[in-house]
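For reference, final-v2.cif is printed below; it contains mmCIF, C-alpha atoms (C1' of nucleotides).
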```cif
data_data
loop_
_atom_site.label_atom_id
_atom_site.label_comp_id
_atom_site.auth_asym_id
_atom_site.auth_seq_id
_atom_site.Cartn_x
_atom_site.Cartn_y
_atom_site.Cartn_z
CA MET A 145 0.00 0.00 0.00
CA GLN A 146 2.86 2.33 0.81
CA GLN A 147 4.18 1.72 -2.71
CA LEU A 148 0.86 2.86 -4.20
CA LEU A 149 0.79 6.03 -2.13
CA THR A 150 4.42 6.79 -2.85
CA HIS A 151 3.78 6.34 -6.53
CA ILE A 152 0.66 8.46 -6.85
CA THR A 153 1.86 11.32 -4.68
CA LYS A 154 4.53 11.85 -7.32
CA TYR A 155 1.66 12.85 -9.60
CA SER A 156 0.14 15.28 -7.12
CA ALA A 157 0.37 15.85 -3.36
CA LEU A 158 -2.30 14.35 -1.11
CA SER A 159 -3.36 15.32 2.39
CA GLU A 160 -3.17 12.83 5.25
CA ALA A 161 -6.95 12.62 5.22
CA ALA A 162 -7.13 11.76 1.52
CA GLN A 163 -4.36 9.20 1.86
CA ASN A 164 -6.16 7.54 4.74
CA GLU A 165 -9.38 7.44 2.81
CA LEU A 166 -7.64 5.81 -0.14
CA GLN A 167 -6.18 3.20 2.20
CA VAL A 168 -9.69 2.35 3.32
CA HIS A 169 -10.96 1.76 -0.20
CA PHE A 170 -8.06 0.09 -1.99
CA ARG A 171 -8.14 -3.66 -1.39
CA LYS A 172 -5.16 -5.93 -1.82
CA ILE A 173 -5.62 -8.92 -4.11
CA THR A 174 -3.23 -11.52 -5.44
CA TYR A 175 -3.55 -13.59 -8.57
CA ALA A 176 -1.55 -16.51 -9.90
CA LYS A 177 0.06 -16.71 -13.30
CA ASN A 178 -2.33 -17.24 -16.21
CA GLU A 179 -5.43 -16.27 -14.22
CA TYR A 180 -7.78 -13.65 -15.65
CA LEU A 181 -8.45 -10.30 -14.06
CA LEU A 182 -11.14 -9.68 -16.68
CA LYS A 183 -12.76 -11.60 -19.51
CA GLU A 184 -14.35 -10.01 -22.55
CA GLY A 185 -18.05 -9.39 -22.16
CA GLN A 186 -17.73 -8.48 -18.49
CA VAL A 187 -18.05 -4.89 -17.37
CA CYS A 188 -14.82 -3.77 -15.73
CA ARG A 189 -15.87 -1.95 -12.57
CA HIS A 190 -12.47 -1.69 -10.95
CA LEU A 191 -9.25 0.17 -11.34
CA TYR A 192 -6.15 -1.80 -10.37
CA PHE A 193 -2.73 -0.73 -9.25
CA LEU A 194 -0.07 -3.29 -10.06
CA GLU A 195 2.42 -3.55 -7.19
CA THR A 196 4.36 -6.59 -8.41
CA GLY A 197 4.09 -8.78 -11.48
CA ALA A 198 3.14 -8.49 -15.10
CA LEU A 199 -0.02 -8.88 -17.13
CA ARG A 200 -1.37 -8.29 -20.60
CA GLY A 201 -4.51 -6.98 -22.26
CA PHE A 202 -5.62 -8.82 -25.36
CA TYR A 203 -8.65 -9.25 -27.56
CA ASN A 204 -9.70 -11.80 -30.12
CA LEU A 205 -9.66 -10.95 -33.80
CA ASP A 206 -10.40 -13.56 -36.46
CA GLY A 207 -9.56 -16.34 -34.01
CA LYS A 208 -6.23 -14.78 -33.06
CA GLU A 209 -5.28 -13.17 -29.77
CA ILE A 210 -4.06 -9.61 -30.19
CA THR A 211 -2.03 -8.43 -27.21
CA HIS A 212 -2.31 -4.67 -27.26
CA TRP A 213 -0.82 -3.66 -23.95
CA PHE A 214 1.25 -4.88 -21.02
CA GLY A 215 1.14 -3.86 -17.38
CA PHE A 216 4.12 -3.89 -15.04
CA GLU A 217 5.03 -2.63 -11.57
CA ASN A 218 3.45 0.74 -10.69
CA ASP A 219 1.03 0.73 -13.59
CA PHE A 220 -2.65 1.42 -13.22
CA VAL A 221 -4.54 -1.14 -15.23
CA THR A 222 -8.15 -1.65 -16.22
CA SER A 223 -10.11 -1.98 -19.40
CA PHE A 224 -10.30 1.78 -19.77
CA HIS A 225 -13.09 1.71 -22.31
CA SER A 226 -15.28 -0.52 -20.19
CA PHE A 227 -14.37 1.20 -16.92
CA ILE A 228 -15.15 4.64 -18.31
CA THR A 229 -18.26 3.87 -20.33
CA GLY A 230 -19.71 1.02 -18.27
CA GLU A 231 -20.05 -1.08 -21.41
CA PRO A 232 -18.90 -4.73 -21.59
CA ALA A 233 -15.20 -5.09 -22.21
CA VAL A 234 -13.91 -6.12 -25.61
CA GLU A 235 -10.64 -7.20 -24.08
CA ASN A 236 -9.29 -9.75 -21.63
CA ILE A 237 -6.74 -9.09 -18.93
CA GLN A 238 -4.53 -12.05 -18.13
CA LEU A 239 -1.69 -12.47 -15.66
CA LEU A 240 1.72 -13.20 -17.14
CA GLU A 241 3.22 -13.65 -13.68
CA GLY A 242 1.84 -13.93 -10.19
CA CYS A 243 0.77 -10.42 -9.20
CA ILE A 244 0.06 -8.30 -6.16
CA LEU A 245 -2.61 -5.77 -7.03
CA TRP A 246 -4.60 -3.06 -5.25
CA SER A 247 -8.15 -2.69 -6.40
CA ILE A 248 -10.71 0.09 -6.06
CA SER A 249 -14.24 0.08 -7.43
CA LYS A 250 -15.46 2.79 -9.76
CA ASP A 251 -18.23 3.62 -7.29
CA ALA A 252 -15.79 4.09 -4.43
CA LEU A 253 -13.52 6.19 -6.61
CA THR A 254 -16.39 8.37 -7.78
CA ALA A 255 -17.43 8.92 -4.19
CA LEU A 256 -13.87 9.91 -3.32
CA PHE A 257 -13.85 12.39 -6.18
CA ASN A 258 -16.84 14.11 -4.63
CA GLU A 259 -15.30 14.16 -1.20
CA TYR A 260 -11.74 15.09 -2.11
CA HIS A 261 -11.01 17.55 -4.87
CA GLU A 262 -7.34 16.57 -4.56
CA ILE A 263 -8.11 12.94 -5.47
CA GLU A 264 -9.98 13.99 -8.57
CA ARG A 265 -7.06 16.26 -9.42
CA LEU A 266 -4.70 13.33 -9.09
CA MET A 267 -6.85 11.35 -11.47
CA ARG A 268 -6.93 14.23 -13.93
CA ILE A 269 -3.14 14.33 -13.86
CA ALA A 270 -2.89 10.56 -14.18
CA TYR A 271 -5.06 10.71 -17.28
CA GLU A 272 -2.80 13.41 -18.72
CA LYS A 273 0.22 11.16 -18.25
CA TYR A 274 -1.52 8.13 -19.67
CA TYR A 275 -2.81 10.17 -22.59
CA ILE A 276 0.59 11.35 -23.74
CA ARG A 277 2.05 7.91 -23.19
CA LEU A 278 -0.61 6.43 -25.48
CA GLU A 279 -0.07 9.20 -28.00
CA GLU A 280 3.63 8.33 -28.21
CA ARG A 281 2.81 4.69 -28.69
CA PHE A 282 0.29 5.57 -31.37
CA VAL A 283 2.76 7.60 -33.41
CA ASN A 284 5.28 4.83 -33.00
CA ALA A 285 2.79 2.22 -34.17
CA GLN A 286 1.54 4.03 -37.22
CA PHE A 287 4.60 5.71 -38.60
CA LYS A 288 7.57 3.48 -37.78
CA THR A 289 8.83 0.21 -39.25
CA ALA A 290 8.86 -3.09 -37.37
CA GLY A 291 12.56 -2.75 -36.60
CA GLU A 292 12.19 0.79 -35.26
CA ARG A 293 9.26 -0.23 -33.08
CA TYR A 294 11.27 -3.05 -31.56
CA ALA A 295 14.26 -0.76 -30.96
CA ASN A 296 12.01 1.76 -29.22
CA LEU A 297 10.55 -0.95 -27.04
CA LEU A 298 14.01 -2.08 -25.98
CA ARG A 299 14.94 1.48 -25.15
CA GLN A 300 11.79 2.28 -23.20
CA THR A 301 10.99 -1.00 -21.48
CA PRO A 302 14.17 -3.12 -21.52
CA PRO A 303 13.16 -5.80 -18.98
CA ILE A 304 10.20 -6.68 -21.14
CA ILE A 305 12.21 -9.16 -23.22
CA GLU A 306 13.14 -11.29 -20.24
CA ARG A 307 9.62 -11.32 -18.89
CA VAL A 308 7.35 -11.67 -21.91
CA SER A 309 7.41 -14.29 -24.64
CA LEU A 310 8.32 -13.25 -28.16
CA GLY A 311 4.87 -14.11 -29.48
CA TYR A 312 3.17 -11.62 -27.18
CA ILE A 313 5.73 -8.93 -27.92
CA ALA A 314 5.27 -9.43 -31.65
CA SER A 315 1.54 -9.05 -31.26
CA TYR A 316 2.05 -5.94 -29.13
CA LEU A 317 4.23 -4.44 -31.86
CA GLY A 318 1.70 -5.36 -34.52
CA ILE A 319 3.97 -7.77 -36.38
CA SER A 320 4.17 -11.54 -36.81
CA PRO A 321 6.40 -13.62 -34.50
CA GLU A 322 8.49 -14.64 -37.49
CA THR A 323 9.17 -11.05 -38.47
CA LEU A 324 10.10 -10.16 -34.90
CA SER A 325 12.45 -13.11 -34.73
CA ARG A 326 14.16 -11.91 -37.91
CA VAL A 327 14.31 -8.31 -36.75
CA ARG A 328 15.82 -9.45 -33.49
CA SER A 329 18.54 -11.52 -35.15
CA LYS A 330 19.92 -8.31 -36.65
CA PHE A 331 20.62 -6.74 -33.26
CA MET B 225 -19.13 31.01 -26.64
CA GLN B 226 -22.55 29.52 -26.09
CA GLN B 227 -21.52 26.64 -28.32
CA LEU B 228 -18.50 25.94 -26.13
CA LEU B 229 -20.58 25.96 -22.95
CA THR B 230 -23.28 23.81 -24.50
CA HIS B 231 -20.67 21.33 -25.62
CA ILE B 232 -18.75 20.99 -22.37
CA THR B 233 -21.76 20.84 -20.11
CA LYS B 234 -22.62 17.62 -21.90
CA TYR B 235 -19.51 16.21 -20.27
CA SER B 236 -20.42 17.39 -16.79
CA ALA B 237 -22.77 19.99 -15.31
CA LEU B 238 -21.40 23.42 -14.41
CA SER B 239 -22.72 26.05 -12.01
CA GLU B 240 -23.56 29.53 -13.23
CA ALA B 241 -20.52 30.84 -11.40
CA ALA B 242 -18.16 28.41 -13.09
CA GLN B 243 -19.67 29.12 -16.50
CA ASN B 244 -19.26 32.85 -15.99
CA GLU B 245 -15.68 32.40 -14.93
CA LEU B 246 -14.96 30.35 -18.05
CA GLN B 247 -16.49 33.09 -20.18
CA VAL B 248 -14.06 35.55 -18.65
CA HIS B 249 -11.01 33.47 -19.50
CA PHE B 250 -11.80 32.00 -22.92
CA ARG B 251 -10.86 34.44 -25.67
CA LYS B 252 -12.19 34.32 -29.18
CA ILE B 253 -9.66 34.19 -31.99
CA THR B 254 -9.97 33.72 -35.70
CA TYR B 255 -7.38 32.43 -38.13
CA ALA B 256 -7.29 32.24 -41.89
CA LYS B 257 -6.68 29.12 -43.92
CA ASN B 258 -3.09 27.87 -43.95
CA GLU B 259 -2.05 29.94 -40.94
CA TYR B 260 -0.30 28.22 -38.05
CA LEU B 261 -1.70 27.95 -34.56
CA LEU B 262 1.57 26.42 -33.42
CA LYS B 263 4.96 25.70 -34.94
CA GLU B 264 7.30 22.98 -33.76
CA GLY B 265 9.81 24.14 -31.19
CA GLN B 266 7.31 26.48 -29.52
CA VAL B 267 5.79 25.60 -26.18
CA CYS B 268 2.03 25.29 -26.51
CA ARG B 269 0.60 27.19 -23.54
CA HIS B 270 -3.01 27.24 -24.69
CA LEU B 271 -5.92 24.93 -25.03
CA TYR B 272 -8.24 25.72 -27.95
CA PHE B 273 -11.85 24.94 -28.59
CA LEU B 274 -12.68 24.79 -32.27
CA GLU B 275 -16.07 26.39 -32.93
CA THR B 276 -15.95 26.36 -36.74
CA GLY B 277 -13.41 25.15 -39.25
CA ALA B 278 -10.82 22.44 -39.60
CA LEU B 279 -7.15 22.06 -38.84
CA ARG B 280 -4.44 19.45 -38.70
CA GLY B 281 -1.52 18.48 -36.49
CA PHE B 282 1.58 17.32 -38.29
CA TYR B 283 5.26 16.76 -37.68
CA ASN B 284 8.26 16.41 -39.93
CA LEU B 285 9.91 13.03 -40.37
CA ASP B 286 12.75 12.54 -42.86
CA GLY B 287 11.68 15.62 -44.78
CA LYS B 288 8.06 14.48 -45.00
CA GLU B 289 5.07 15.96 -43.25
CA ILE B 290 3.17 13.39 -41.20
CA THR B 291 -0.39 14.48 -40.45
CA HIS B 292 -1.35 12.58 -37.34
CA TRP B 293 -4.61 14.21 -36.34
CA PHE B 294 -7.37 16.51 -37.53
CA GLY B 295 -9.55 18.90 -35.56
CA PHE B 296 -13.12 19.80 -36.46
CA GLU B 297 -16.07 21.59 -34.92
CA ASN B 298 -16.40 21.07 -31.14
CA ASP B 299 -12.96 19.55 -30.72
CA PHE B 300 -10.49 20.67 -28.12
CA VAL B 301 -7.12 21.02 -29.75
CA THR B 302 -3.60 21.66 -28.54
CA SER B 303 -0.27 19.94 -28.71
CA PHE B 304 -1.15 17.76 -25.74
CA HIS B 305 2.41 16.68 -25.09
CA SER B 306 3.71 20.22 -25.04
CA PHE B 307 0.70 21.63 -23.19
CA ILE B 308 0.95 19.00 -20.47
CA THR B 309 4.71 18.79 -20.04
CA GLY B 310 5.66 22.37 -20.90
CA GLU B 311 8.28 21.08 -23.33
CA PRO B 312 8.66 22.46 -26.87
CA ALA B 313 6.21 20.96 -29.31
CA VAL B 314 7.34 18.39 -31.84
CA GLU B 315 4.31 19.10 -33.96
CA ASN B 316 2.77 21.93 -35.95
CA ILE B 317 -0.88 22.91 -35.98
CA GLN B 318 -2.05 24.39 -39.25
CA LEU B 319 -5.45 25.63 -40.35
CA LEU B 320 -7.10 23.74 -43.18
CA GLU B 321 -9.97 26.22 -43.29
CA GLY B 322 -10.64 29.59 -41.74
CA CYS B 323 -11.47 28.89 -38.08
CA ILE B 324 -13.21 30.43 -35.12
CA LEU B 325 -11.48 29.29 -31.95
CA TRP B 326 -11.76 29.93 -28.24
CA SER B 327 -8.49 29.97 -26.38
CA ILE B 328 -7.56 29.62 -22.72
CA SER B 329 -4.07 29.67 -21.27
CA LYS B 330 -2.75 26.82 -19.18
CA ASP B 331 -2.15 29.24 -16.31
CA ALA B 332 -5.73 30.47 -16.36
CA LEU B 333 -7.04 26.93 -16.57
CA THR B 334 -4.86 25.78 -13.68
CA ALA B 335 -6.14 28.68 -11.59
CA LEU B 336 -9.72 27.72 -12.44
CA PHE B 337 -9.01 24.14 -11.36
CA ASN B 338 -8.05 25.45 -7.93
CA GLU B 339 -11.09 27.64 -7.66
CA TYR B 340 -13.71 25.29 -9.11
CA HIS B 341 -13.61 21.59 -8.39
CA GLU B 342 -16.32 21.17 -11.03
CA ILE B 343 -14.07 22.58 -13.75
CA GLU B 344 -11.27 20.19 -12.88
CA ARG B 345 -13.87 17.40 -12.90
CA LEU B 346 -14.94 18.42 -16.36
CA MET B 347 -11.35 18.26 -17.50
CA ARG B 348 -10.91 14.83 -15.94
CA ILE B 349 -13.95 13.62 -17.84
CA ALA B 350 -12.77 15.25 -21.05
CA TYR B 351 -9.46 13.39 -20.73
CA GLU B 352 -11.34 10.14 -20.22
CA LYS B 353 -13.23 10.70 -23.47
CA TYR B 354 -10.14 11.72 -25.37
CA TYR B 355 -8.25 8.75 -23.95
CA ILE B 356 -10.67 6.13 -25.17
CA ARG B 357 -11.00 7.89 -28.50
CA LEU B 358 -7.24 7.69 -28.94
CA GLU B 359 -7.21 4.08 -27.81
CA GLU B 360 -9.71 3.17 -30.52
CA ARG B 361 -7.64 4.94 -33.10
CA PHE B 362 -4.53 3.17 -31.89
CA VAL B 363 -6.04 -0.29 -32.20
CA ASN B 364 -7.34 0.67 -35.61
CA ALA B 365 -3.92 1.88 -36.71
CA GLN B 366 -1.91 -1.06 -35.54
CA PHE B 367 -4.13 -4.00 -36.24
CA LYS B 368 -6.18 -3.17 -39.32
CA THR B 369 -5.36 -3.05 -43.03
CA ALA B 370 -5.30 0.14 -45.09
CA GLY B 371 -8.73 -0.63 -46.54
CA GLU B 372 -10.28 -1.26 -43.15
CA ARG B 373 -8.80 1.93 -41.75
CA TYR B 374 -10.27 3.95 -44.60
CA ALA B 375 -13.67 2.29 -44.20
CA ASN B 376 -13.66 3.08 -40.48
CA LEU B 377 -12.79 6.68 -41.19
CA LEU B 378 -15.70 7.01 -43.61
CA ARG B 379 -18.02 5.52 -41.04
CA GLN B 380 -16.84 7.65 -38.12
CA THR B 381 -16.05 10.98 -39.80
CA PRO B 382 -17.82 11.02 -43.17
CA PRO B 383 -17.52 14.74 -43.98
CA ILE B 384 -13.75 14.46 -43.75
CA ILE B 385 -13.42 13.45 -47.41
CA GLU B 386 -15.02 16.62 -48.69
CA ARG B 387 -12.97 18.84 -46.43
CA VAL B 388 -9.50 17.34 -46.39
CA SER B 389 -7.22 16.52 -49.31
CA LEU B 390 -6.41 12.90 -50.03
CA GLY B 391 -2.73 13.40 -49.28
CA TYR B 392 -3.44 14.47 -45.71
CA ILE B 393 -5.93 11.67 -45.18
CA ALA B 394 -3.43 9.12 -46.46
CA SER B 395 -0.83 10.43 -44.06
CA TYR B 396 -3.37 10.34 -41.23
CA LEU B 397 -4.13 6.70 -42.03
CA GLY B 398 -0.43 5.88 -42.22
CA ILE B 399 -0.44 4.91 -45.90
CA SER B 400 0.85 6.44 -49.12
CA PRO B 401 -1.44 8.64 -51.23
CA GLU B 402 -1.18 6.11 -54.07
CA THR B 403 -2.37 3.27 -51.87
CA LEU B 404 -5.27 5.35 -50.59
CA SER B 405 -6.24 6.25 -54.14
CA ARG B 406 -6.30 2.55 -55.05
CA VAL B 407 -8.21 1.59 -51.93
CA ARG B 408 -10.74 4.28 -52.63
CA SER B 409 -11.31 3.19 -56.22
CA LYS B 410 -12.66 -0.09 -54.88
CA PHE B 411 -15.52 1.57 -53.00
"C1'" DT C 193 17.07 -35.84 -15.53
"C1'" DT C 194 13.96 -36.96 -19.45
"C1'" DC C 195 10.07 -36.81 -22.37
"C1'" DG C 196 6.53 -34.02 -24.20
"C1'" DT C 197 5.01 -29.48 -25.02
"C1'" DT C 198 5.60 -24.92 -26.24
"C1'" DT C 199 8.30 -21.33 -28.20
"C1'" DT C 200 11.59 -19.61 -31.41
"C1'" DT C 201 14.08 -19.76 -35.60
"C1'" DT C 202 14.73 -20.46 -40.48
"C1'" DG C 203 13.37 -21.05 -45.37
"C1'" DA C 204 10.31 -20.51 -49.33
"C1'" DT C 205 6.68 -18.11 -51.16
"C1'" DA C 206 2.66 -14.87 -51.28
"C1'" DA C 207 0.31 -10.65 -50.26
"C1'" DA C 208 0.21 -5.86 -49.05
"C1'" DT C 209 2.03 -1.59 -49.46
"C1'" DG C 210 5.66 1.75 -50.94
"C1'" DT C 211 8.23 4.25 -54.50
"C1'" DC C 212 9.00 6.44 -58.77
"C1'" DA C 213 7.26 8.23 -62.99
"C1'" DA C 214 3.83 9.74 -66.08
"C1'" DT C 215 -0.73 11.38 -66.95
"C1'" DA C 216 -5.28 13.17 -65.73
"C1'" DA C 217 -8.20 15.92 -63.03
"C1'" DT C 218 -9.03 19.64 -60.10
"C1'" DT C 219 -8.19 23.94 -57.90
"C1'" DT C 220 -6.38 28.54 -57.61
"C1'" DA C 221 -5.25 32.95 -58.88
"C1'" DA C 222 -4.50 36.41 -62.25
"C1'" DT D 294 -12.02 32.44 -68.31
"C1'" DT D 295 -7.73 30.72 -68.76
"C1'" DA D 296 -3.15 29.22 -67.51
"C1'" DA D 297 -0.35 27.60 -63.86
"C1'" DA D 298 -0.06 25.04 -59.89
"C1'" DT D 299 -1.61 21.57 -57.09
"C1'" DT D 300 -3.73 17.20 -56.26
"C1'" DA D 301 -5.27 12.60 -57.68
"C1'" DT D 302 -4.90 8.51 -60.45
"C1'" DT D 303 -2.64 4.81 -62.82
"C1'" DG D 304 1.17 1.64 -64.10
"C1'" DA D 305 5.52 -0.83 -63.33
"C1'" DC D 306 8.42 -2.44 -60.11
"C1'" DA D 307 10.73 -2.79 -55.32
"C1'" DT D 308 10.37 -3.56 -50.53
"C1'" DT D 309 8.37 -4.97 -46.40
"C1'" DT D 310 5.88 -8.04 -43.94
"C1'" DA D 311 2.73 -12.16 -43.65
"C1'" DT D 312 1.90 -16.96 -44.14
"C1'" DC D 313 2.84 -21.75 -44.17
"C1'" DA D 314 5.89 -25.45 -43.08
"C1'" DA D 315 9.63 -27.60 -40.90
"C1'" DA D 316 13.46 -27.80 -37.75
"C1'" DA D 317 15.76 -26.27 -33.60
"C1'" DA D 318 15.75 -24.59 -29.02
"C1'" DA D 319 13.83 -23.79 -24.58
"C1'" DC D 320 10.79 -24.92 -21.00
"C1'" DG D 321 8.09 -27.72 -17.58
"C1'" DA D 322 6.08 -31.48 -15.31
"C1'" DA D 323 6.66 -36.20 -13.85
#
```
So, in terms of structure tokens, how does the structure I just supplied come out?
Amino acid sequence: MQQLLTHITKYSALSEAAQNELQVHFRKITYAKNEYLLKEGQVCRHLYFLETGALRGFYNLDGKEITHWFGFENDFVTSFHSFITGEPAVENIQLLEGCILWSISKDALTALFNEYHEIERLMRIAYEKYYIRLEERFVNAQFKTAGERYANLLRQTPPIIERVSLGYIASYLGISPETLSRVRSKF
Amino acid sequence: MQQLLTHITKYSALSEAAQNELQVHFRKITYAKNEYLLKEGQVCRHLYFLETGALRGFYNLDGKEITHWFGFENDFVTSFHSFITGEPAVENIQLLEGCILWSISKDALTALFNEYHEIERLMRIAYEKYYIRLEERFVNAQFKTAGERYANLLRQTPPIIERVSLGYIASYLGISPETLSRVRSKF
DNA sequence: TTCGTTTTTTGATAAATGTCAATAATTTAA
DNA sequence: TTAAATTATTGACATTTATCAAAAAACGAA
């Protein structure tokens, strides 16, 4: 829990009172490798903070699993579309390693927004950060070659290669496993 | 101005007081076609609401202009990366048509966040909407073919074809103008 | 360890898209 | 309205990446 508070107060300062209230509402949960945090069709009503471990978000397209994001230590994870709109999720969230997570429901979070302006501010700032992170990834995806995308990934998230299988990384980069294998052999 | 207020209060309700305060700080500006709202290297210190017109964001890569987004009526536009981080913008914002815009400085907006919780809430909700919109575009960009991307664009933003030249649309879709021309001939 | 399973690599070929060049169509400005 | 400039289309060919198949390597459970 301390790790969560330490992490988020880097975004924006929080009073003792707000921190205590967050402690009340975040619940610790652990999952084992390969378990699912969310399956497509379910509404995702929780926001999760990933303390330890790794997971992936993927959806099914023409019978294939498309891994479109990974979560690691200190990431907030959820199916953002489902969490925000309340619609059923299109994606699945699956654990790649055993994880320690902290979970808060959307209802609890919404109530905290009403009570503590500073918590809503923190969320606004978190969204800013996540927005520009996604924007970078988008530009990378659409306007760079497979090799450049892999190089960027190595630069930005080096430990990913030891922790995630090549097949998932290829999917994440939007290329076939064979192409990634060939790209990689040139490094 | 009424259009701006009508639009944003769909996101979240605003008190009279907050609405009045916004009216004080948003300033109307007009630009002619082809003018620049922002050039790369400048820090973007303003958030703009586009009342009428169209514009594009683009950056230079290997001597080519990459158009990575468009703005139309009722869009908020800025160089989000620069606006959020305060770093010089990598992108340019250029008018595709004469535009009527409403502008607010980051400083003024930050001050309003302190004064009005409800304005910061509105911004939080706006970021949520913009986040999932970008997420959809990202998935579209990375995991769909050129033809599918064009079909989606037609479905989601039909008037775009009458208002924006094929070259810019091709760039936006991450394909060459020739490929887009061929894709289009099959419709 | 060892066997069976999964993952990664490699090769051959196919499909999608890019590039360059020429022409046609459209737009713009005098 | 016309001529020049810009934008869009078409063709030929090159490049990138995908797909299918097989072999090699790595991993995991008994």
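Within 12 Å of chain B, chain D contributes the residues DT299, DT300, DA301, DT302, DT303 and DG304 of chain D, using only C-alpha atoms (C1' of nucleotides).
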For the file shown, report as an mmCIF file with C-alpha atoms, keeping the file's coordinate frame the outcome of the PyMOL selection byres ((chain B and resi 280) around 12) at residue level.
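Final output, part16.cif:
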```
data_model
loop_
_atom_site.group_PDB
_atom_site.id
_atom_site.type_symbol
_atom_site.label_atom_id
_atom_site.label_comp_id
_atom_site.auth_asym_id
_atom_site.auth_seq_id
_atom_site.Cartn_x
_atom_site.Cartn_y
_atom_site.Cartn_z
ATOM 1 C CA LYS B 257 -6.680 29.120 -43.920
ATOM 2 C CA ASN B 258 -3.090 27.870 -43.950
ATOM 3 C CA GLU B 259 -2.050 29.940 -40.940
ATOM 4 C CA TYR B 260 -0.300 28.220 -38.050
ATOM 5 C CA LEU B 261 -1.700 27.950 -34.560
ATOM 6 C CA LEU B 262 1.570 26.420 -33.420
ATOM 7 C CA LYS B 263 4.960 25.700 -34.940
ATOM 8 C CA LEU B 274 -12.680 24.790 -32.270
ATOM 9 C CA GLY B 277 -13.410 25.150 -39.250
ATOM 10 C CA ALA B 278 -10.820 22.440 -39.600
ATOM 11 C CA LEU B 279 -7.150 22.060 -38.840
ATOM 12 C CA GLY B 281 -1.520 18.480 -36.490
ATOM 13 C CA PHE B 282 1.580 17.320 -38.290
ATOM 14 C CA TYR B 283 5.260 16.760 -37.680
ATOM 15 C CA GLU B 289 5.070 15.960 -43.250
ATOM 16 C CA ILE B 290 3.170 13.390 -41.200
ATOM 17 C CA THR B 291 -0.390 14.480 -40.450
ATOM 18 C CA HIS B 292 -1.350 12.580 -37.340
ATOM 19 C CA TRP B 293 -4.610 14.210 -36.340
ATOM 20 C CA PHE B 294 -7.370 16.510 -37.530
ATOM 21 C CA GLY B 295 -9.550 18.900 -35.560
ATOM 22 C CA PHE B 296 -13.120 19.800 -36.460
ATOM 23 C CA ASP B 299 -12.960 19.550 -30.720
ATOM 24 C CA VAL B 301 -7.120 21.020 -29.750
ATOM 25 C CA THR B 302 -3.600 21.660 -28.540
ATOM 26 C CA SER B 303 -0.270 19.940 -28.710
ATOM 27 C CA GLU B 315 4.310 19.100 -33.960
ATOM 28 C CA ASN B 316 2.770 21.930 -35.950
ATOM 29 C CA ILE B 317 -0.880 22.910 -35.980
ATOM 30 C CA GLN B 318 -2.050 24.390 -39.250
ATOM 31 C CA LEU B 319 -5.450 25.630 -40.350
ATOM 32 C CA LEU B 320 -7.100 23.740 -43.180
ATOM 33 C CA GLU B 321 -9.970 26.220 -43.290
ATOM 34 C CA CYS B 323 -11.470 28.890 -38.080
ATOM 35 C CA ILE B 384 -13.750 14.460 -43.750
ATOM 36 C CA ARG B 387 -12.970 18.840 -46.430
ATOM 37 C CA VAL B 388 -9.500 17.340 -46.390
ATOM 38 C CA SER B 389 -7.220 16.520 -49.310
ATOM 39 C CA TYR B 392 -3.440 14.470 -45.710
ATOM 40 C CA ILE B 393 -5.930 11.670 -45.180
ATOM 41 C CA SER B 395 -0.830 10.430 -44.060
ATOM 42 C CA TYR B 396 -3.370 10.340 -41.230
#
```
Residues of chain B were defined as contacting chain A if any atom lay at most 7 Å from it, counting all atoms listed in the file; please report them as a list in words. Phe304, His305, Ile308, His341, Glu344, Arg345, Met347, Arg348, Tyr351, Glu352, Tyr355, Ile356, Phe362, Ala365, Gln366, Phe367 and Gly398 of chain B
Those selected residues, please, written with C-alpha atoms and delivered as a compact mmCIF listing (two decimals), in the frame of the given file.
```
# COMPACT_ATOMS: atom_id res chain seq x y z
CA PHE B 304 -1.15 17.76 -25.74
CA HIS B 305 2.41 16.68 -25.09
CA ILE B 308 0.95 19.00 -20.47
CA HIS B 341 -13.61 21.59 -8.39
CA GLU B 344 -11.27 20.19 -12.88
CA ARG B 345 -13.87 17.40 -12.90
CA MET B 347 -11.35 18.26 -17.50
CA ARG B 348 -10.91 14.83 -15.94
CA TYR B 351 -9.46 13.39 -20.73
CA GLU B 352 -11.34 10.14 -20.22
CA TYR B 355 -8.25 8.75 -23.95
CA ILE B 356 -10.67 6.13 -25.17
CA PHE B 362 -4.53 3.17 -31.89
CA ALA B 365 -3.92 1.88 -36.71
CA GLN B 366 -1.91 -1.06 -35.54
CA PHE B 367 -4.13 -4.00 -36.24
CA GLY B 398 -0.43 5.88 -42.22
```
Kindly compute an axis-aligned box around the listed atoms of range 305-309 of chain D, allowing 8 Å on each side, and express its centre and edge lengths in Å to one decimal as AutoDock Vina command-line options.
```
--center_x 8.1 --center_y -2.9 --center_z -54.9 --size_x 21.2 --size_y 20.1 --size_z 32.9
```
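The interatomic distance for the pair CA of Gly310 in chain B and CA of Leu333 in chain B works out to 14.2 Å.
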